[in-house]
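A.B. asks: Sharing a structure with you now.
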Amino acid sequence: MTDHESLQAHLLEHAPRLSEKQTRLLNFILDNLSYVAFASAGEVGRKAGVSAATVVRLCQALGYKGYADFQKHVRETFPSYTAAIERVETIEVADAASLVERVFSLNVHNLSETAQRISQEELEAVVEAIYKARSILVYGAGLSASLSLFLAQSLKILGFPAHTLLSGGLDVALEGAFLDSVDLVIGISFWRYVKDTAQLLRRAKQVGASTIAITDSPVSPIARLADHKFIVITESVSHSISLTAAMSVLDLLIAALLYRDAKRCTEALRRVNSSYEESGSLIMNYSR
């Protein structure tokens, strides 16, 4: 059971003892944990249509000292909430030898935990969605941009109609304006979540397009907007998140697409290789 699932189970245990008003508020909180993690009690109350005092009383009914205590627990369930400065301070007291072991061991852990969260059924559904899509838009901002570029490029090389954006704001809105029900949007976003990615998936849902999320929590902003999702572990000892497991998920997805229709993908690869050679842009005869 993940930290988020444990939190949800803990909260739901108290549901039978709550009033109708408190139950509605609890349902709002469960549906908006990523918002609750950073909003004040007053902001949560305004969104849910209740007073800040009602929010505080609910937290106390759930076994917490108050809203701050509850919010701290919510934040702790987010995979990468630990502040960058705290992780850097940890590195400062480690010797070089132990640092090598810690970094690589943690990445092995990330890979193992991520692999356990991927079901064959979900993988096959994602592959099917990619094969059926008229066009595929892959989007990720910040650290996720490199992943979106890799995935879009890999899909295009295999003959799929994929593209990505390396900007945000109005460019994302422009792409969203022309989405249709036969399209597919793949969003990649990790804590701290970028608003543009969520808005793009929300627009895709509005027009009936298929949506896939690659993210780090089942309650992240884009996970709740996705038809299908891969939950990736991103724990790191450095100032930033680790993308090792995320990159492996993309490798898995590309391999699954090849497995589904090797003949089609091989033909696409031949065409790409031929075009590369004709372009004269690559150093083809380099000897080491």
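For the structure tokens, the naming scheme is as follows: chains receive sequential letters (A, B, ...) according to their order of presentation, residues are indexed from 1 within each chain, and ligands are indexed from 1 in presentation order.
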Can you tell me which residues surround stretch 127-133 of chain A at a distance of at most 7 Å, considering only C-alpha atoms, apart from same-chain residues fewer than 3 positions away, and format the answer as a list in words?

C.D. replies: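 Final neighbour list, sorted by chain and number: Leu123, Glu124, Ile136, Val182, Asp183, Leu184, Ala256 and Leu257 of chain A.
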
A.B. asks: Keeping only C-alpha atoms, write those residues as a PDB file, in the first residue's frame.

C.D. replies:
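To be explicit, this is the file written out as part_7.pdb:
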ATOM      1  CA  LEU A 123       0.339  -1.237 -20.245  1.00  0.00           C
ATOM      2  CA  GLU A 124      -1.699  -2.942 -22.950  1.00  0.00           C
ATOM      3  CA  ILE A 136      -0.359  12.257 -30.164  1.00  0.00           C
ATOM      4  CA  VAL A 182      -9.608  10.948 -31.860  1.00  0.00           C
ATOM      5  CA  ASP A 183      -6.429  12.462 -30.391  1.00  0.00           C
ATOM      6  CA  LEU A 184      -4.242  11.400 -27.488  1.00  0.00           C
ATOM      7  CA  ALA A 256       5.735  -2.722 -25.859  1.00  0.00           C
ATOM      8  CA  LEU A 257       4.849  -0.786 -29.004  1.00  0.00           C
TER       9      LEU A 257
END

A.B. asks: Find the residues near stretch 208-224 of chain A: any atom within 6 Å, counting only C-alpha atoms, skip ones fewer than 2 places away on the same chain, and give them as a ChimeraX atom specification.

C.D. replies: /A:180-190,198,204-206,226-233

A.B. asks: Would you write out those residues with C-alpha atoms, as a short mmCIF file (atom, residue, chain, number, x, y, z; two decimals), in the first residue's frame?

C.D. replies:
data_model
loop_
_atom_site.label_atom_id
_atom_site.label_comp_id
_atom_site.auth_asym_id
_atom_site.auth_seq_id
_atom_site.Cartn_x
_atom_site.Cartn_y
_atom_site.Cartn_z
CA ASP A 180 -10.40 16.27 -30.92
CA SER A 181 -11.88 13.03 -29.60
CA VAL A 182 -9.61 10.95 -31.86
CA ASP A 183 -6.43 12.46 -30.39
CA LEU A 184 -4.24 11.40 -27.49
CA VAL A 185 -2.50 13.59 -24.92
CA ILE A 186 0.32 12.19 -22.80
CA GLY A 187 1.17 14.39 -19.82
CA ILE A 188 4.38 14.02 -17.80
CA SER A 189 4.54 15.85 -14.48
CA PHE A 190 6.19 15.32 -11.10
CA ALA A 198 -2.90 19.74 -15.97
CA ALA A 204 -8.34 16.89 -23.67
CA LYS A 205 -10.94 15.40 -21.32
CA GLN A 206 -13.42 18.11 -22.27
CA ALA A 226 -5.97 10.59 -17.01
CA ASP A 227 -7.69 7.56 -18.51
CA HIS A 228 -4.48 5.63 -17.89
CA LYS A 229 -1.49 6.37 -15.70
CA PHE A 230 1.97 5.14 -14.76
CA ILE A 231 3.03 6.00 -11.21
CA VAL A 232 6.78 6.54 -11.02
CA ILE A 233 9.01 6.62 -7.92
#

A.B. asks: Hey, can you check how far atom CA of A:Asn27 sits from atom CA of A:Ile118?

C.D. replies: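 Here the two named atoms are 26.9 Å from each other.
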
A.B. asks: Taking the backbone alone, and naming residues the way the document does, which bits of stretch 17-201 of chain A are strand (DSSP E) by DSSP, as number ranges by chain?

C.D. replies: A: 136-140, 162-164, 184-189

A.B. asks: Please, which residues of stretch 48-218 of chain A, numbered as in this document, come out helix (DSSP H, G or I) from DSSP, as number ranges by chain?

C.D. replies: A: 48, 52-61, 67-76, 84-92, 96-116, 120-132, 144-157, 170-177, 195-207
